[in-house]
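Structure data (mmCIF, C-alpha atoms) from data07.cif:
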```cif
data_input
loop_
_atom_site.label_atom_id
_atom_site.label_comp_id
_atom_site.auth_asym_id
_atom_site.auth_seq_id
_atom_site.Cartn_x
_atom_site.Cartn_y
_atom_site.Cartn_z
CA MET A 845 87.42 119.59 108.52
CA CYS A 846 89.25 116.38 109.43
CA ARG A 847 87.02 114.03 111.38
CA ALA A 848 90.06 112.48 113.00
CA CYS A 849 91.12 115.52 114.96
CA GLY A 850 88.91 118.47 114.01
CA SER A 851 91.58 120.39 112.07
CA THR A 852 90.63 122.12 108.85
CA ASP A 853 94.09 121.37 107.45
CA HIS A 854 93.57 117.62 107.12
CA GLN A 855 92.03 115.62 104.34
CA PRO A 856 88.39 114.60 104.88
CA GLY A 857 87.67 111.53 106.96
CA PRO A 858 85.76 108.53 105.71
CA ALA A 859 82.04 108.64 105.10
CA ARG A 860 79.82 106.79 107.54
CA SER A 861 79.82 103.17 106.37
CA PRO A 862 77.04 100.56 106.78
CA ARG A 863 76.98 98.43 109.91
CA PHE A 864 79.35 95.45 109.64
CA ALA A 865 80.65 96.82 106.34
CA GLY A 866 83.76 94.65 106.65
CA LEU A 867 81.65 91.49 106.79
CA ARG A 868 79.51 92.65 103.86
CA ASN A 869 82.66 92.79 101.71
CA ARG A 870 83.00 89.34 100.12
CA ASP A 871 86.78 89.70 99.84
CA ALA A 872 87.32 90.80 103.45
CA ARG A 873 84.86 88.37 105.08
CA PRO A 874 86.94 85.15 104.76
CA TYR A 875 90.05 87.14 105.63
CA LEU A 876 88.50 88.26 108.94
CA PHE A 877 87.46 84.71 109.85
CA GLY A 878 90.89 83.38 108.85
CA THR A 879 92.62 86.03 110.97
CA GLY A 880 90.51 85.09 113.98
CA LEU A 881 91.41 81.42 113.52
CA ALA A 882 95.11 82.20 113.14
CA MET A 883 95.01 84.27 116.32
CA MET A 884 93.33 81.36 118.07
CA GLY A 885 96.09 79.05 116.82
CA ASP A 886 98.68 81.44 118.23
CA ASN A 887 97.05 81.23 121.67
CA VAL A 888 96.43 77.47 121.48
CA GLU A 889 100.17 77.06 121.04
CA HIS A 890 100.80 79.19 124.12
CA VAL A 891 98.42 77.08 126.20
CA ILE A 892 99.99 73.76 125.20
CA THR A 893 103.65 74.77 125.20
CA TYR A 894 103.53 76.79 128.42
CA TRP A 895 101.91 73.84 130.19
CA VAL A 896 104.57 71.43 128.90
CA LEU A 897 107.43 73.79 129.72
CA TRP A 898 106.27 74.27 133.29
CA ARG A 899 105.73 70.54 133.75
CA GLU A 900 109.17 69.70 132.35
CA PHE A 901 111.37 72.43 133.80
CA HIS A 902 109.48 74.29 136.60
CA SER A 903 111.57 77.37 135.71
CA PRO A 904 110.30 80.85 136.70
CA ALA A 905 113.09 82.32 134.56
CA LEU A 906 111.78 80.45 131.51
CA ALA A 907 108.26 81.64 132.30
CA GLY A 908 109.54 85.21 132.25
CA PHE A 909 111.39 84.58 129.00
CA GLN A 910 108.11 83.42 127.44
CA VAL A 911 106.70 86.94 127.79
CA ILE A 912 109.91 88.68 126.68
CA SER A 913 110.38 86.43 123.64
CA HIS A 914 106.83 87.10 122.48
CA TRP A 915 107.01 90.92 122.56
CA LEU A 916 110.70 91.74 122.00
CA PRO A 917 110.48 90.95 118.24
CA PHE A 918 107.68 93.52 117.98
CA LEU A 919 110.00 96.10 119.52
CA LEU A 920 112.97 95.21 117.30
CA PHE A 921 111.48 94.19 113.96
CA SER A 922 108.07 95.86 113.46
CA VAL A 923 109.50 98.76 111.47
CA LEU A 924 111.39 96.35 109.22
CA SER A 925 108.17 94.33 108.79
CA GLY A 926 106.38 97.53 107.85
CA SER A 927 109.04 98.31 105.24
CA LEU A 928 108.58 94.81 103.80
CA ALA A 929 104.82 95.40 103.63
CA ASP A 930 105.39 98.69 101.80
CA ARG A 931 107.65 97.02 99.25
CA TYR A 932 106.28 93.52 98.63
CA ASP A 933 103.06 91.53 98.20
CA CYS A 934 101.42 91.48 101.63
CA ARG A 935 99.76 88.13 100.86
CA ARG A 936 103.14 86.44 100.68
CA ILE A 937 104.39 88.18 103.82
CA ILE A 938 101.38 86.95 105.81
CA GLN A 939 101.76 83.46 104.35
CA SER A 940 105.42 83.49 105.37
CA ALA A 941 104.41 84.41 108.91
CA GLN A 942 101.78 81.66 108.98
CA ALA A 943 104.32 79.17 107.61
CA LEU A 944 106.68 80.13 110.42
CA PHE A 945 103.90 79.61 112.99
CA MET A 946 103.23 76.16 111.52
CA PHE A 947 106.93 75.29 111.43
CA VAL A 948 107.27 76.19 115.10
CA SER A 949 104.24 74.04 116.02
CA LEU A 950 105.71 71.17 113.99
CA CYS A 951 109.04 71.47 115.82
CA TRP A 952 107.30 71.50 119.21
CA GLY A 953 105.39 68.38 118.21
CA LEU A 954 108.50 66.52 117.09
CA LEU A 955 110.33 67.44 120.29
CA PHE A 956 107.37 66.27 122.38
CA LEU A 957 107.06 63.06 120.36
CA THR A 958 110.73 62.15 120.73
CA ASP A 959 110.91 63.32 124.37
CA SER A 960 114.00 65.36 123.51
CA LEU A 961 112.91 68.87 124.53
CA GLN A 962 115.64 70.99 126.15
CA ILE A 963 115.52 74.56 127.44
CA TRP A 964 117.57 75.92 124.53
CA HIS A 965 115.10 74.33 122.07
CA ALA A 966 112.28 76.10 123.87
CA CYS A 967 114.07 79.46 123.80
CA VAL A 968 114.72 79.26 120.05
CA LEU A 969 111.14 78.27 119.24
CA LEU A 970 109.66 80.94 121.51
CA VAL A 971 111.72 83.63 119.73
CA LEU A 972 110.72 82.32 116.29
CA HIS A 973 107.08 82.39 117.33
CA GLY A 974 107.44 86.02 118.40
CA CYS A 975 109.14 86.88 115.09
CA ALA A 976 106.22 85.37 113.18
CA GLY A 977 103.82 87.65 115.04
CA ALA A 978 105.94 90.73 114.33
CA LEU A 979 106.17 89.84 110.62
CA TRP A 980 102.40 89.33 110.40
CA GLY A 981 101.23 92.66 111.86
CA PRO A 982 101.81 95.48 109.32
CA ALA A 983 100.91 93.36 106.27
CA GLU A 984 97.70 92.27 108.01
CA GLN A 985 96.56 95.88 108.44
CA MET A 986 97.52 96.89 104.90
CA MET A 987 95.38 94.07 103.51
CA LEU A 988 92.38 95.48 105.38
CA HIS A 989 92.83 98.86 103.71
CA ASP A 990 93.19 97.20 100.30
CA PHE A 991 90.07 95.05 100.75
CA VAL A 992 87.60 97.74 101.80
CA GLY A 993 89.08 101.15 100.98
CA ARG A 994 89.04 104.33 103.03
CA ASP A 995 85.31 104.67 103.72
CA ASP A 996 84.83 101.19 105.20
CA LEU A 997 88.24 100.98 106.88
CA PRO A 998 86.96 101.86 110.40
CA SER A 999 84.52 98.95 110.23
CA ALA A 1000 87.18 96.58 108.92
CA VAL A 1001 89.68 97.53 111.64
CA ARG A 1002 87.03 97.15 114.38
CA LEU A 1003 85.91 93.78 113.06
CA ASN A 1004 89.48 92.58 112.63
CA ALA A 1005 90.23 93.56 116.22
CA THR A 1006 87.02 91.82 117.35
CA PHE A 1007 87.89 88.59 115.54
CA ARG A 1008 91.41 88.71 116.95
CA SER A 1009 90.01 89.24 120.44
CA LEU A 1010 87.66 86.32 119.88
CA GLY A 1011 90.64 84.20 118.86
CA VAL A 1012 92.48 85.21 122.04
CA LEU A 1013 89.38 84.38 124.07
CA CYS A 1014 88.81 80.98 122.44
CA GLY A 1015 92.48 79.98 122.37
CA PRO A 1016 92.69 78.84 126.02
CA VAL A 1017 89.41 76.90 125.70
CA VAL A 1018 90.42 75.11 122.50
CA GLY A 1019 93.95 74.59 123.75
CA SER A 1020 92.69 73.01 126.95
CA LEU A 1021 90.35 70.73 125.00
CA LEU A 1022 93.17 69.64 122.70
CA LEU A 1023 95.34 68.91 125.72
CA LEU A 1024 92.56 66.86 127.30
CA LEU A 1025 91.53 64.94 124.18
CA LEU A 1026 94.81 64.53 122.25
CA GLY A 1027 97.53 65.28 124.77
CA PRO A 1028 100.28 67.86 124.16
CA THR A 1029 101.81 66.05 121.17
CA GLY A 1030 98.56 65.42 119.32
CA GLY A 1031 97.24 68.85 120.30
CA ILE A 1032 100.22 70.79 118.96
CA PHE A 1033 100.16 68.83 115.69
CA ALA A 1034 96.42 69.50 115.34
CA ASN A 1035 97.08 73.18 115.94
CA ILE A 1036 98.95 73.38 112.61
CA ALA A 1037 95.63 72.97 110.78
CA ILE A 1038 94.19 76.07 112.48
CA TYR A 1039 96.60 78.30 110.53
CA LEU A 1040 95.68 76.80 107.15
CA PRO A 1041 92.39 78.62 106.28
CA LEU A 1042 94.02 82.07 106.21
CA THR A 1043 97.08 80.75 104.35
CA ILE A 1044 94.94 79.05 101.68
CA PHE A 1045 92.59 82.02 101.27
CA LEU A 1046 95.53 84.31 100.48
CA PHE A 1047 96.31 82.17 97.42
CA ARG A 1048 92.77 82.87 96.17
CA THR A 1049 92.43 86.63 96.61
CA ARG A 1050 93.69 89.18 94.09
CA PHE A 1051 94.38 91.86 96.70
CA THR A 1052 98.03 92.35 97.64
CA GLY A 1053 97.89 95.28 100.05
CA HIS A 1054 98.68 97.64 97.15
CA VAL A 1055 95.97 97.03 94.52
CA ARG A 1056 93.53 99.78 95.48
CA GLU A 1057 96.05 102.63 95.57
CA GLY A 1058 98.78 101.09 93.42
CA VAL A 1059 101.62 102.58 95.47
CA VAL A 1060 104.66 100.40 96.19
CA SER A 1061 107.59 101.80 98.14
CA ARG A 1062 111.06 101.18 96.72
CA ALA A 1063 112.96 102.20 99.83
CA ARG A 1064 116.02 100.16 100.74
CA LEU A 1065 115.52 97.35 103.20
CA GLY A 1066 117.51 95.99 106.10
CA PRO A 1067 116.94 96.87 109.78
CA ILE A 1068 119.12 100.00 109.79
CA ALA A 1069 117.81 101.26 106.44
CA ALA A 1070 114.22 100.63 107.58
CA LEU A 1071 114.77 102.65 110.75
CA ARG A 1072 116.34 105.49 108.79
CA ALA A 1073 113.47 105.47 106.31
CA ALA A 1074 110.96 105.47 109.16
CA ARG A 1075 112.70 108.45 110.78
CA ALA A 1076 112.33 110.34 107.50
CA VAL A 1077 108.57 109.74 107.34
CA PRO A 1078 106.64 112.93 108.28
CA LEU A 1079 104.25 111.79 111.02
CA GLY A 1080 102.55 114.96 112.20
CA PRO A 1081 100.89 115.42 115.62
CA THR A 1082 97.89 113.20 114.86
CA ILE A 1083 99.78 110.06 113.82
CA ALA A 1084 102.55 110.60 116.38
CA GLY A 1085 99.94 111.12 119.09
CA MET A 1086 98.14 107.89 118.24
CA ILE A 1087 101.42 105.95 118.21
CA ILE A 1088 102.29 107.41 121.62
CA LEU A 1089 98.79 106.68 122.94
CA ALA A 1090 99.06 103.01 121.94
CA GLY A 1091 102.46 102.76 123.59
CA LEU A 1092 101.25 104.29 126.85
CA GLY A 1093 98.72 101.51 127.46
CA SER A 1094 101.29 98.87 126.61
CA PHE A 1095 104.07 100.36 128.74
CA PHE A 1096 102.08 101.19 131.86
CA VAL A 1097 99.70 98.19 131.96
CA GLY A 1098 100.46 95.85 129.04
CA ALA A 1099 100.68 92.15 129.83
CA SER A 1100 101.47 92.66 133.51
CA ILE A 1101 97.88 92.44 134.65
CA GLN A 1102 97.57 88.87 133.34
CA THR A 1103 100.77 87.65 134.98
CA ALA A 1104 99.78 89.27 138.28
CA MET A 1105 96.20 87.94 138.20
CA PRO A 1106 96.81 85.01 140.62
CA GLU A 1107 97.79 87.49 143.35
CA PHE A 1108 94.75 89.68 142.68
CA ALA A 1109 92.51 86.59 142.70
CA GLU A 1110 93.78 85.56 146.12
CA ASP A 1111 93.29 89.08 147.51
CA LEU A 1112 89.72 89.08 146.16
CA GLY A 1113 89.02 85.73 147.84
CA ALA A 1114 88.80 83.86 144.54
CA GLY A 1115 91.92 81.73 145.03
CA SER A 1116 94.69 81.41 142.48
CA ALA A 1117 92.97 78.59 140.56
CA GLY A 1118 89.49 77.45 139.64
CA LEU A 1119 86.43 78.93 137.96
CA THR A 1120 86.37 82.24 139.83
CA TYR A 1121 90.02 82.86 138.93
CA GLY A 1122 89.31 81.92 135.32
CA ALA A 1123 86.44 84.41 135.24
CA LEU A 1124 88.86 87.22 136.11
CA LEU A 1125 91.11 86.20 133.23
CA PHE A 1126 88.10 85.90 130.91
CA ALA A 1127 86.39 89.20 131.81
CA SER A 1128 88.65 91.64 129.96
CA GLY A 1129 88.70 89.61 126.74
CA PHE A 1130 84.95 89.11 126.93
CA GLY A 1131 84.47 92.86 127.31
CA GLY A 1132 86.60 93.49 124.24
CA VAL A 1133 84.61 91.07 122.07
CA VAL A 1134 81.18 92.23 123.23
CA GLY A 1135 82.22 95.88 123.05
CA GLY A 1136 83.52 95.44 119.52
CA LEU A 1137 80.29 93.83 118.33
CA VAL A 1138 78.09 96.45 120.03
CA ILE A 1139 80.12 99.36 118.68
CA GLU A 1140 80.04 97.91 115.17
CA ALA A 1141 76.30 97.21 115.34
CA THR A 1142 75.37 100.66 116.64
CA GLY A 1143 77.92 102.86 114.89
CA TRP A 1144 78.13 105.02 118.02
CA LEU A 1145 81.82 105.83 117.78
CA ARG A 1146 83.65 107.65 115.02
CA PRO A 1147 87.41 107.27 114.36
CA THR A 1148 88.60 110.47 116.05
CA VAL A 1149 91.49 111.44 118.29
CA ARG A 1150 89.01 112.39 121.00
CA THR A 1151 87.42 108.94 120.97
CA ALA A 1152 90.81 107.20 121.19
CA VAL A 1153 91.85 109.40 124.11
CA VAL A 1154 88.57 108.89 125.98
CA GLY A 1155 88.93 105.12 125.50
CA THR A 1156 92.46 105.20 126.91
CA VAL A 1157 91.42 107.35 129.87
CA LEU A 1158 88.54 105.00 130.70
CA TYR A 1159 90.93 102.06 130.38
CA GLY A 1160 93.32 103.65 132.87
CA LEU A 1161 90.57 104.56 135.32
CA SER A 1162 88.99 101.10 135.20
CA ILE A 1163 92.37 99.49 135.92
CA VAL A 1164 92.82 101.85 138.89
CA VAL A 1165 89.46 100.74 140.30
CA PHE A 1166 90.33 97.07 139.72
CA ALA A 1167 93.66 97.50 141.51
CA VAL A 1168 92.16 99.07 144.65
CA THR A 1169 88.84 97.24 145.00
CA SER A 1170 88.32 94.34 147.40
CA ASN A 1171 84.94 93.41 145.91
CA TYR A 1172 85.06 90.44 143.52
CA VAL A 1173 81.92 91.37 141.55
CA LEU A 1174 83.09 94.96 141.08
CA ALA A 1175 86.47 93.64 139.93
CA LEU A 1176 84.76 91.54 137.26
CA VAL A 1177 82.68 94.50 136.08
CA VAL A 1178 85.59 96.93 135.80
CA LEU A 1179 87.73 94.32 134.04
CA ALA A 1180 84.97 93.94 131.44
CA VAL A 1181 84.79 97.74 131.14
CA SER A 1182 88.57 97.85 130.72
CA GLY A 1183 88.25 95.35 127.88
CA VAL A 1184 85.75 97.56 126.08
CA ALA A 1185 87.80 100.71 126.70
CA ASN A 1186 91.06 99.11 125.55
CA PHE A 1187 89.31 97.83 122.42
CA VAL A 1188 88.07 101.35 121.65
CA SER A 1189 91.48 102.90 122.27
CA MET A 1190 93.45 100.42 120.16
CA SER A 1191 91.03 100.02 117.26
CA ILE A 1192 90.34 103.76 116.93
CA SER A 1193 94.01 104.77 117.18
CA GLN A 1194 94.91 102.11 114.59
CA THR A 1195 92.19 103.43 112.27
CA VAL A 1196 93.27 107.06 112.62
CA VAL A 1197 96.88 106.09 111.86
CA GLN A 1198 95.84 104.28 108.68
CA LEU A 1199 93.55 107.08 107.53
CA GLU A 1200 96.18 109.75 108.07
CA ALA A 1201 99.18 107.83 106.67
CA ALA A 1202 100.44 108.51 103.16
CA PRO A 1203 99.97 105.39 100.98
CA ALA A 1204 103.69 105.06 100.20
CA ASP A 1205 104.60 105.10 103.91
CA ARG A 1206 101.65 103.22 105.38
CA GLY A 1207 103.52 99.99 106.11
CA ARG A 1208 106.37 101.70 107.94
CA ILE A 1209 103.96 103.86 109.94
CA ILE A 1210 101.95 100.77 110.92
CA GLY A 1211 105.28 99.16 111.85
CA LEU A 1212 106.03 102.10 114.14
CA TYR A 1213 102.56 101.76 115.63
CA ASN A 1214 103.12 98.03 116.25
CA THR A 1215 106.51 98.75 117.81
CA SER A 1216 104.74 101.01 120.28
CA SER A 1217 101.59 98.97 120.89
CA GLY A 1218 103.31 95.57 121.01
CA GLY A 1219 106.99 96.03 121.77
CA LEU A 1220 106.49 98.39 124.72
CA ARG A 1221 104.51 95.71 126.55
CA ILE A 1222 107.89 94.60 127.85
CA GLY A 1223 108.02 97.86 129.80
CA SER A 1224 105.07 96.85 131.97
CA GLY A 1225 107.41 94.40 133.66
CA LEU A 1226 109.22 97.48 134.99
CA THR A 1227 106.31 99.84 135.67
CA VAL A 1228 104.15 97.21 137.37
CA GLY A 1229 106.35 94.19 138.06
CA LEU A 1230 109.58 95.62 139.48
CA THR A 1231 107.82 98.55 141.14
CA GLY A 1232 105.46 96.02 142.70
CA THR A 1233 108.35 94.36 144.51
CA ALA A 1234 108.93 97.63 146.36
CA ILE A 1235 105.41 98.91 147.03
CA GLY A 1236 103.17 95.91 146.33
CA ILE A 1237 101.60 94.81 143.07
CA LYS A 1238 98.21 96.43 143.77
CA HIS A 1239 99.77 99.82 144.47
CA SER A 1240 102.14 99.61 141.49
CA LEU A 1241 99.29 98.72 139.10
CA ALA A 1242 97.09 101.52 140.46
CA LEU A 1243 99.95 104.02 140.19
CA SER A 1244 100.86 102.93 136.66
CA ALA A 1245 97.23 103.13 135.51
CA ALA A 1246 96.87 106.60 137.04
CA VAL A 1247 99.99 107.80 135.20
CA LEU A 1248 98.56 106.26 132.00
CA THR A 1249 95.37 108.27 132.45
CA LEU A 1250 97.19 111.59 132.87
CA ALA A 1251 99.61 110.86 130.04
CA ALA A 1252 96.71 109.98 127.72
CA LEU A 1253 95.10 113.37 128.37
CA ALA A 1254 98.37 115.15 127.60
CA THR A 1255 98.86 113.09 124.44
CA GLY A 1256 95.35 113.90 123.26
CA THR A 1257 96.09 117.61 123.59
CA TYR A 1258 99.26 117.17 121.52
CA ALA A 1259 97.57 115.01 118.87
CA ALA A 1260 94.87 117.61 118.28
CA LEU A 1261 97.39 120.32 117.40
CA PRO A 1262 97.05 121.59 113.80
CA ARG A 1263 99.77 120.53 111.38
#
```
Using the file provided, produce a representation of the structure as structure tokens.
Amino acid sequence: MCRACGSTDHQPGPARSPRFAGLRNRDARPYLFGTGLAMMGDNVEHVITYWVLWREFHSPALAGFQVISHWLPFLLFSVLSGSLADRYDCRRIIQSAQALFMFVSLCWGLLFLTDSLQIWHACVLLVLHGCAGALWGPAEQMMLHDFVGRDDLPSAVRLNATFRSLGVLCGPVVGSLLLLLLGPTGGIFANIAIYLPLTIFLFRTRFTGHVREGVVSRARLGPIAALRAARAVPLGPTIAGMIILAGLGSFFVGASIQTAMPEFAEDLGAGSAGLTYGALLFASGFGGVVGGLVIEATGWLRPTVRTAVVGTVLYGLSIVVFAVTSNYVLALVVLAVSGVANFVSMSISQTVVQLEAAPADRGRIIGLYNTSSGGLRIGSGLTVGLTGTAIGIKHSLALSAAVLTLAALATGTYAALPR
């Protein structure tokens, strides 16, 4: 019986692996730390550049473009990135993405140094930064599978997600310190060094994303060819359900809760700035990191469809409570719970997708997953943002989260269907 969905038609799931199996693997351990650092560098750049752009231009339209430019490449190019990961050495793909991150930071620094920054410069660099993230994603996940194999993959995916969450959590702190100590120019130049450990490590490892199973796709490349190849990949209810589940959370909640946080902070009596506001922003990320470590240490959760669905349902319900509560302490608690639940949903669904995917199609399937989980975050601007202009942001967020909860239950029923 398949441990992912309970069907007797599926291949067996992974054996129960030791606690922190990903960190016990000497090949995966530096990769996980390097990934966390690179994710922190990504967020440090956001902190510094967003601050400079607001100070220079005071443009709400540019602020909106910052969100769109980050996630639109995931929507447009993740499948192509997955096809690249299927076909080529994933080490070089990740290094190319890291090189693009560093190039963008270098360009920001030069523009700051020469005081020549214009809006069109910012738009180009923001899009390039988003493209680097989209290129990085599928190859990153394929390397995990190559490092640890099938049995330890759930641990590796959880730990990778935990280190990424830790990078997201530390990024604003480190970015603020760099701004304070070095200023925006010195800070953005210093940020280049944060990407180097992962880039250097990938020159030293023998794993390519294909070593363990030795399968390399020879499908044609190009955006149209990649989409056609992806359409031809047999997904089945389990993989399709997990891809849909990831997209639901992105589309109905996504990044909107962060952009709307100042309004929620004022309604909760915390003000739109200061420590109490920062705690609201911090709570969800903190919940994700702590939840990831606790789940890895205890081994309570198995990579199953049921677990992913329950995590998504709890995520939706916790966001509903956050949207309607007027109690600041309760808001903090449910935000932390939402962080844990979202971590469970995303890490488990990602694991199930990798376990169920055929080796020759894994990159493209991960690309489809990233298109859903990352690219559809743009949709939250419609489901929460635009709807909020008509009925209020609290009501739109509560309504969107409630729809997410119901849709997750329906998706779980579909994903559990036998193939």
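Atom pair CA of Val1177 in chain A / CA of Leu1112 in chain A has a distance of 13.4 Å (rounded to one decimal).
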Explicit residue set for the PyMOL selection byres ((chain A and resi 1221-1229) around 12), as a short mmCIF file (atom, residue, chain, number, x, y, z; two decimals) with C-alpha atoms, keeping the file's coordinate frame:
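Just written: expr17.cif:
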```
data_model
loop_
_atom_site.label_atom_id
_atom_site.label_comp_id
_atom_site.auth_asym_id
_atom_site.auth_seq_id
_atom_site.Cartn_x
_atom_site.Cartn_y
_atom_site.Cartn_z
CA GLY A 908 109.54 85.21 132.25
CA PHE A 909 111.39 84.58 129.00
CA GLN A 910 108.11 83.42 127.44
CA VAL A 911 106.70 86.94 127.79
CA ILE A 912 109.91 88.68 126.68
CA SER A 913 110.38 86.43 123.64
CA HIS A 914 106.83 87.10 122.48
CA TRP A 915 107.01 90.92 122.56
CA LEU A 916 110.70 91.74 122.00
CA PRO A 917 110.48 90.95 118.24
CA PHE A 918 107.68 93.52 117.98
CA LEU A 919 110.00 96.10 119.52
CA LEU A 920 112.97 95.21 117.30
CA ALA A 1090 99.06 103.01 121.94
CA GLY A 1091 102.46 102.76 123.59
CA LEU A 1092 101.25 104.29 126.85
CA GLY A 1093 98.72 101.51 127.46
CA SER A 1094 101.29 98.87 126.61
CA PHE A 1095 104.07 100.36 128.74
CA PHE A 1096 102.08 101.19 131.86
CA VAL A 1097 99.70 98.19 131.96
CA GLY A 1098 100.46 95.85 129.04
CA ALA A 1099 100.68 92.15 129.83
CA SER A 1100 101.47 92.66 133.51
CA ILE A 1101 97.88 92.44 134.65
CA GLN A 1102 97.57 88.87 133.34
CA THR A 1103 100.77 87.65 134.98
CA ALA A 1104 99.78 89.27 138.28
CA MET A 1105 96.20 87.94 138.20
CA ALA A 1167 93.66 97.50 141.51
CA ASN A 1214 103.12 98.03 116.25
CA THR A 1215 106.51 98.75 117.81
CA SER A 1216 104.74 101.01 120.28
CA SER A 1217 101.59 98.97 120.89
CA GLY A 1218 103.31 95.57 121.01
CA GLY A 1219 106.99 96.03 121.77
CA LEU A 1220 106.49 98.39 124.72
CA LEU A 1230 109.58 95.62 139.48
CA THR A 1231 107.82 98.55 141.14
CA GLY A 1232 105.46 96.02 142.70
CA THR A 1233 108.35 94.36 144.51
CA ALA A 1234 108.93 97.63 146.36
CA ILE A 1235 105.41 98.91 147.03
CA GLY A 1236 103.17 95.91 146.33
CA ILE A 1237 101.60 94.81 143.07
CA LYS A 1238 98.21 96.43 143.77
CA HIS A 1239 99.77 99.82 144.47
CA SER A 1240 102.14 99.61 141.49
CA LEU A 1241 99.29 98.72 139.10
CA ALA A 1242 97.09 101.52 140.46
CA LEU A 1243 99.95 104.02 140.19
CA SER A 1244 100.86 102.93 136.66
CA ALA A 1245 97.23 103.13 135.51
CA ALA A 1246 96.87 106.60 137.04
CA VAL A 1247 99.99 107.80 135.20
CA LEU A 1248 98.56 106.26 132.00
#
```
Around the point (85.0, 95.7, 104.4) in the file's coordinates, collect all residues with an atom within 6 Å, using all atoms listed in the file, and return them as a ChimeraX atom specification.
/A:865-867,869,872,992,996,1000
When distances are computed from only C-alpha atoms, which of A:Leu906, A:Ala882, A:Ala941, A:Ala1201 shows the smallest separation from Leu979 in chain A?
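Between A:Leu906, A:Ala882, A:Ala941, A:Ala1201, the residue approaching Leu979 in chain A most closely is A:Ala941.
The space between CA of Ala1185 in chain A and CA of Pro1081 in chain A spans 22.6 Å.
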Using CA of Arg1056 in chain A and CA of Phe991 in chain A as the two end points, give the distance in Å to one decimal.
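One can read the CA of Arg1056 in chain A to CA of Phe991 in chain A distance as 7.9 Å.
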Written-out range 1204-1215 of chain A (N, CA and C atoms) as an mmCIF file, in the first residue's frame:
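File out-v6.cif, as written:
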```cif
data_model
loop_
_atom_site.group_PDB
_atom_site.id
_atom_site.type_symbol
_atom_site.label_atom_id
_atom_site.label_comp_id
_atom_site.auth_asym_id
_atom_site.auth_seq_id
_atom_site.Cartn_x
_atom_site.Cartn_y
_atom_site.Cartn_z
ATOM 1 N N ALA A 1204 12.526 10.384 -14.835
ATOM 2 C CA ALA A 1204 12.787 11.117 -16.073
ATOM 3 C C ALA A 1204 11.978 12.407 -16.169
ATOM 4 N N ASP A 1205 10.891 12.493 -15.396
ATOM 5 C CA ASP A 1205 10.008 13.668 -15.473
ATOM 6 C C ASP A 1205 10.043 14.511 -14.214
ATOM 7 N N ARG A 1206 10.918 14.177 -13.275
ATOM 8 C CA ARG A 1206 10.852 14.822 -11.960
ATOM 9 C C ARG A 1206 11.037 16.338 -12.051
ATOM 10 N N GLY A 1207 11.987 16.794 -12.847
ATOM 11 C CA GLY A 1207 12.236 18.230 -12.933
ATOM 12 C C GLY A 1207 11.031 18.995 -13.445
ATOM 13 N N ARG A 1208 10.396 18.474 -14.513
ATOM 14 C CA ARG A 1208 9.240 19.167 -15.069
ATOM 15 C C ARG A 1208 8.067 19.150 -14.101
ATOM 16 N N ILE A 1209 7.897 18.053 -13.369
ATOM 17 C CA ILE A 1209 6.812 17.983 -12.394
ATOM 18 C C ILE A 1209 7.071 18.962 -11.247
ATOM 19 N N ILE A 1210 8.324 19.034 -10.791
ATOM 20 C CA ILE A 1210 8.655 20.028 -9.756
ATOM 21 C C ILE A 1210 8.436 21.437 -10.307
ATOM 22 N N GLY A 1211 8.757 21.637 -11.596
ATOM 23 C CA GLY A 1211 8.497 22.934 -12.217
ATOM 24 C C GLY A 1211 7.018 23.287 -12.197
ATOM 25 N N LEU A 1212 6.162 22.303 -12.495
ATOM 26 C CA LEU A 1212 4.722 22.532 -12.415
ATOM 27 C C LEU A 1212 4.303 22.866 -10.987
ATOM 28 N N TYR A 1213 4.886 22.147 -10.040
ATOM 29 C CA TYR A 1213 4.584 22.414 -8.627
ATOM 30 C C TYR A 1213 4.987 23.846 -8.262
ATOM 31 N N ASN A 1214 6.178 24.272 -8.696
ATOM 32 C CA ASN A 1214 6.637 25.631 -8.387
ATOM 33 C C ASN A 1214 5.803 26.693 -9.091
ATOM 34 N N THR A 1215 5.323 26.381 -10.301
ATOM 35 C CA THR A 1215 4.415 27.297 -10.984
ATOM 36 C C THR A 1215 3.177 27.542 -10.134
#
```
